[in-house]
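Visitor: Let me give you the structure first, and then I'll get to my questions.
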Amino acid sequence: MAAKAKPKLAFYWAGSCGGCEITITELGMRLVDVSELADIVFWPAAMDFKYDDVRALADQEIDLCFFNGAIRNVENEEFAHLLRQKSKIMVAFGSCSHLGGIPGLANMYDIEALCERVFDTSPSLDDSRGTRPQTITIVPEGEIKLPALHQSVKHLAEITDVDYFMPGCPPVVEQVWKVFQAALNGELPPKGAVIGADLKSVCDVCPRDKGEPGFRISEFKRPHEVDLNPNTCFLTQGVICCGPVTRAGCGIPCLTGNMPCRGCYGPAEGIIDQGAKLASVIGGLINTDDPDKLQTILDSIVDPAGTFYRFGLAHSIMSKMKYE
Amino acid sequence: MSHPAVVRTFASEVKAIPGGEHLELCYSCGTCVSKCMIQQKVEPDYNPRRLLRMVMMDMRDEAFESPTTWMCSECDLCYQACPQEIHISQVIAAVKQLAVDAGYTSPLTPVQVDEALCSGCGVCTMVCPYQAPSLFEKEVDGELDRFSQVDPNKCMRCGTCVGACPLGAIAREGVSNAEIQSQIPSVDKSIPEIITFVCDWSLREDADLQILESYPKHQVNVVHIPCTGRIDPQHALMALDSGVKGVLVCGCKPGECHFKRGNHVANCKLGLLDTMFKQIQSPHKEIRFVQIGTQERGRIRHEIDGIITAVTAVKEAK
């Protein structure tokens with residue numbers, strides 16, 4: 001009797017740090033179970049496949065593709081389109097693919113300003129030689145090619161059709177395992193859903209004591225400036241926490257480690273723009289007893305855009321308006 | 001020497017509550033009534049002067065049933081004007097406390113919490129100017145879960161909690177997220193040049209409201225809100241994203257907010273939004289917050305014309 005063909009899995013990393021790959025290896029021995037149930041046909045971070053192996057596949061031959069990383073350059077974009085074409089189910093895996101992630105913070109600047117920082121003014125450089133990345137460089141051995149940068153960082157759904165979104169920086173391993181099982185058993189929800197996460201916000205599962213009614217913030221502090229109480233809401237300690245607007249499902253490792261939520265699981269259900277909604281929360285919490293001090297209190301928030309949109313800037317309405 | 005038995009009158013009960021002690025300084029001049037926006041805009045029977053008289057005349061039930069007891073939002077425009085410097089809202093609050101103790105309830109419809117959406121984050125309990133919401137725990141599927149609940153006798157319906165609630169779990173009729181979003185133009189509707197979110201209390205005169213209505217709908221789209229504390233920066237961004245050229249938020253002057261702090265809250269929210277716009281270097285879009293004082297009749301026309309001129313200039317420069 002011929003064995004039933006196993007479903008085919010692919011993993012790819014675009015503009016990312018590699019953390020999403022590590023979360024998959026954290027499955028440990030369960031990876032053996034995965035390989036029993038499915039064939040991994042592409043996984044550049046861990047196995048020896050070439051790009052041409054993907055190009056040789058038939059359309060929709062891959063059953064399930066986990067695509068992590070943002071779309072930063074033309075190579076990222078090419079593979080997003082290629083893997084979409086070759087896959088039945090395309091999952092935006094991790095914050096960068098879902099929302100643009102940390103690389104998306106680059107959308108605050110233009111490309112030249114970024115290159116100037118990296119190649120000219122970075123404090124770790126001895127001197128600047130005005131180097132800039134070239135798409136083609138001729139060396140004695142031949143041509144070296146680098147993919148060209150896009151003007152802005154995009155999230156996966158901006159450039160291609162995505163079936164599911166799996167948030168997290170990185171997605172936590174238990175959620176990855178649950179999603180694998182659901183996918184292999186054909187139990188995924190309708191297309192377009194956020195999977196491997198909850199509907200409500202991080203506050204729903206945060207065990208900390210909430211602020212007393214009427215509590216207001218008179219000065220904002222960064223986590224390293226405060227001796228943080230592990231049992232009370234960060235906001236009541238003047239520390240910005242993205243928990244109220246961020247989707248739960250991570251298992252709150254940051255909160256357990258006595259650090260505020262940084263927002264990597266993206267906007268909770270019903271929120272359209274994570275940073276703007278957080279501004280709506282924080283604005284209401286500011287102590288308004290002395291109107292002359294409002295600006296001083298607001299000024300004590302260091303880097304609002306980078307804090308409120310830490311993982312979602314490339315997904316924000318402001319970034320969209322900037323680049324359209 | 002014998003003392004007469006102490007008669008515990010209604011007035012002495014009110015005076016015994018902190019804030020109520022200034023009751024008898026009132027000589028019924030009526031300045032408070034002339035300053036009161038509720039009396040002028042909503043409820044002709046609303047009358048602080050008369051309520052204070054009722055208390056002094058021991059008219060307990062009449063006082064407890066009076067709209068004045070329940071509708072005061074502590075804007076303190078009357079306190080600023082009272083020649084006797086009576087903190088009238090505190091006296092009214094003392095009467096209200098006795099009314100609640102006696103089993104009376106507010107005739108106002110409070111905001112509603114949808115527990116299916118509420119995550120129990122407690123943001124509403126902190127932002128509310130009246131401390132109307134509080135958290136409680138109850139068992140759901142065998143586990144204790146936390147939700148918000150609103151004290152109907154404290155809620156003044158300003159909507160500050162609705163603007164702050166991260167998950168849209170609190171609604172006030174007329175200004176729930178769905179109702180506001182339905183008024184923001186989408187691409188399939190005609191896009192006005194300007195969208196303006198107007199606090200219902202900031203335009204004191206009918207003439208000012210008529211100015212608003214005098215602009216054609218394709219030029220100025222008006223969204224009425226109970227207080228600028230209801231503002232959600234998401235809605236301003238959605239409007240700009242749809243093609244609207246400018247967003248004008250119109251609220252009350254500092255010190256004149258009908259709901260104590262909503263105008264300051266809006267200032268903070270829009271201030272944060274402005275900072276983020278600058279950081280992200282998104283092309284300049286007009287979001288303006290104007291704060292109109294009680295004495296500034298007709299200013300709304302000047303403000304609307306100003307923002308229309310500004311966005312038109314940007315358009316022509318392109």
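FYI, nothing fancy with the structure tokens labels: chains A, B, ... in order, residues from 1 per chain, ligands from 1 as they appear.
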Counting only C-alpha atoms, a student should be able to say which residues of chain B come within 6 Å of chain A; what is the right answer, written as a list in words?
Guide: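 Close to chain A, chain B has Ser119, Gly120, Cys121, Thr125, Met126, Val127, Gln131, Ala164, Pro166, Leu167, Asp232, Pro233, Gln234, Val265, Cys268, Lys269, Met276, Ile280, Ser282 and Pro283 of chain B.
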Visitor: With a distance cut-off of 12 Å and only C-alpha atoms, select the neighbouring residues of A:Arg84, excluding the residue or stretch itself and same-chain residues fewer than 2 positions from it, and output the selection as a ChimeraX atom specification.
Guide: /A:10,12,54-55,57-67,77-82,86-92,156-157,159-163
Visitor: With a distance cut-off of 12 Å and only C-alpha atoms, select the neighbouring residues of A:Ile24, excluding the residue or stretch itself and same-chain residues fewer than 2 positions from it, and output the selection as a ChimeraX atom specification.
Guide: /A:10-12,18-22,26-32,34,43,45-46,66,68,93-94,170-177,179-180
Visitor: Filtering to C-alpha atoms, could you give me those residues as a tab-separated table (two decimals), in the first residue's frame?
Guide:
```tsv
chain	number	residue	atom	x	y	z
A	10	ALA	CA	8.05	25.66	4.02
A	11	PHE	CA	9.69	28.26	6.25
A	12	TYR	CA	11.24	31.45	4.99
A	18	GLY	CA	16.21	35.11	13.03
A	19	GLY	CA	14.27	34.94	16.29
A	20	CYS	CA	11.27	33.41	14.52
A	21	GLU	CA	13.53	30.59	13.32
A	22	ILE	CA	14.73	30.01	16.86
A	26	GLU	CA	12.44	25.49	20.37
A	27	LEU	CA	9.90	22.83	19.46
A	28	GLY	CA	12.79	20.49	20.24
A	29	MET	CA	11.87	16.83	19.98
A	30	ARG	CA	8.45	17.82	18.71
A	31	LEU	CA	10.18	18.75	15.44
A	32	VAL	CA	10.64	15.01	14.97
A	34	VAL	CA	6.46	17.43	12.69
A	43	TRP	CA	13.89	26.10	5.32
A	45	ALA	CA	17.86	28.84	8.15
A	46	ALA	CA	18.16	25.18	9.07
A	66	PHE	CA	5.37	30.16	7.34
A	68	ASN	CA	8.65	35.54	8.72
A	93	PHE	CA	4.60	34.46	10.89
A	94	GLY	CA	5.84	36.84	13.59
A	170	PRO	CA	8.76	35.85	18.19
A	171	PRO	CA	5.54	33.82	18.36
A	172	VAL	CA	5.80	31.74	21.54
A	173	VAL	CA	6.60	28.09	20.98
A	174	GLU	CA	3.42	26.68	22.57
A	175	GLN	CA	1.30	28.74	20.17
A	176	VAL	CA	3.45	27.53	17.25
A	177	TRP	CA	2.81	23.94	18.28
A	179	VAL	CA	-1.04	26.16	15.12
A	180	PHE	CA	0.94	23.26	13.60
```
Visitor: So the first atom is atom CA of B:Leu23 and the second is atom CA of B:Ile88; what is the distance between them in Å, to one decimal place?
Guide: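 Computing it gives 8.0 Å between the two atoms.
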Visitor: For B:Val42, list every protein, DNA or RNA residue within 12 Å, evaluated using only C-alpha atoms, and leave out those in the same chain fewer than 2 positions away; present the list as a ChimeraX atom specification.
Guide: /B:36-40,44-47,67-68,71-72,200-201,204
Visitor: Atom CA of B:Ile194 to atom CA of B:Ile292: how many Å, to one decimal?
Guide: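 Distance reported for this atom pair: 18.3 Å.
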Visitor: Quick one: DSSP helix (DSSP H, G or I) residues in stretch 62-246 of chain A, as a PyMOL selection string?
Guide: chain A and resi 74-86+95-99+102-108+111-121+156-159+173-184+202-204+223-225+234-237+243-245
Visitor: At what distance in Å, to one decimal, does atom CA of A:Gly251 lie from atom CA of A:Pro190?
Guide: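 Value for the atom CA of A:Pro190-atom CA of A:Gly251 distance: 24.1 Å.
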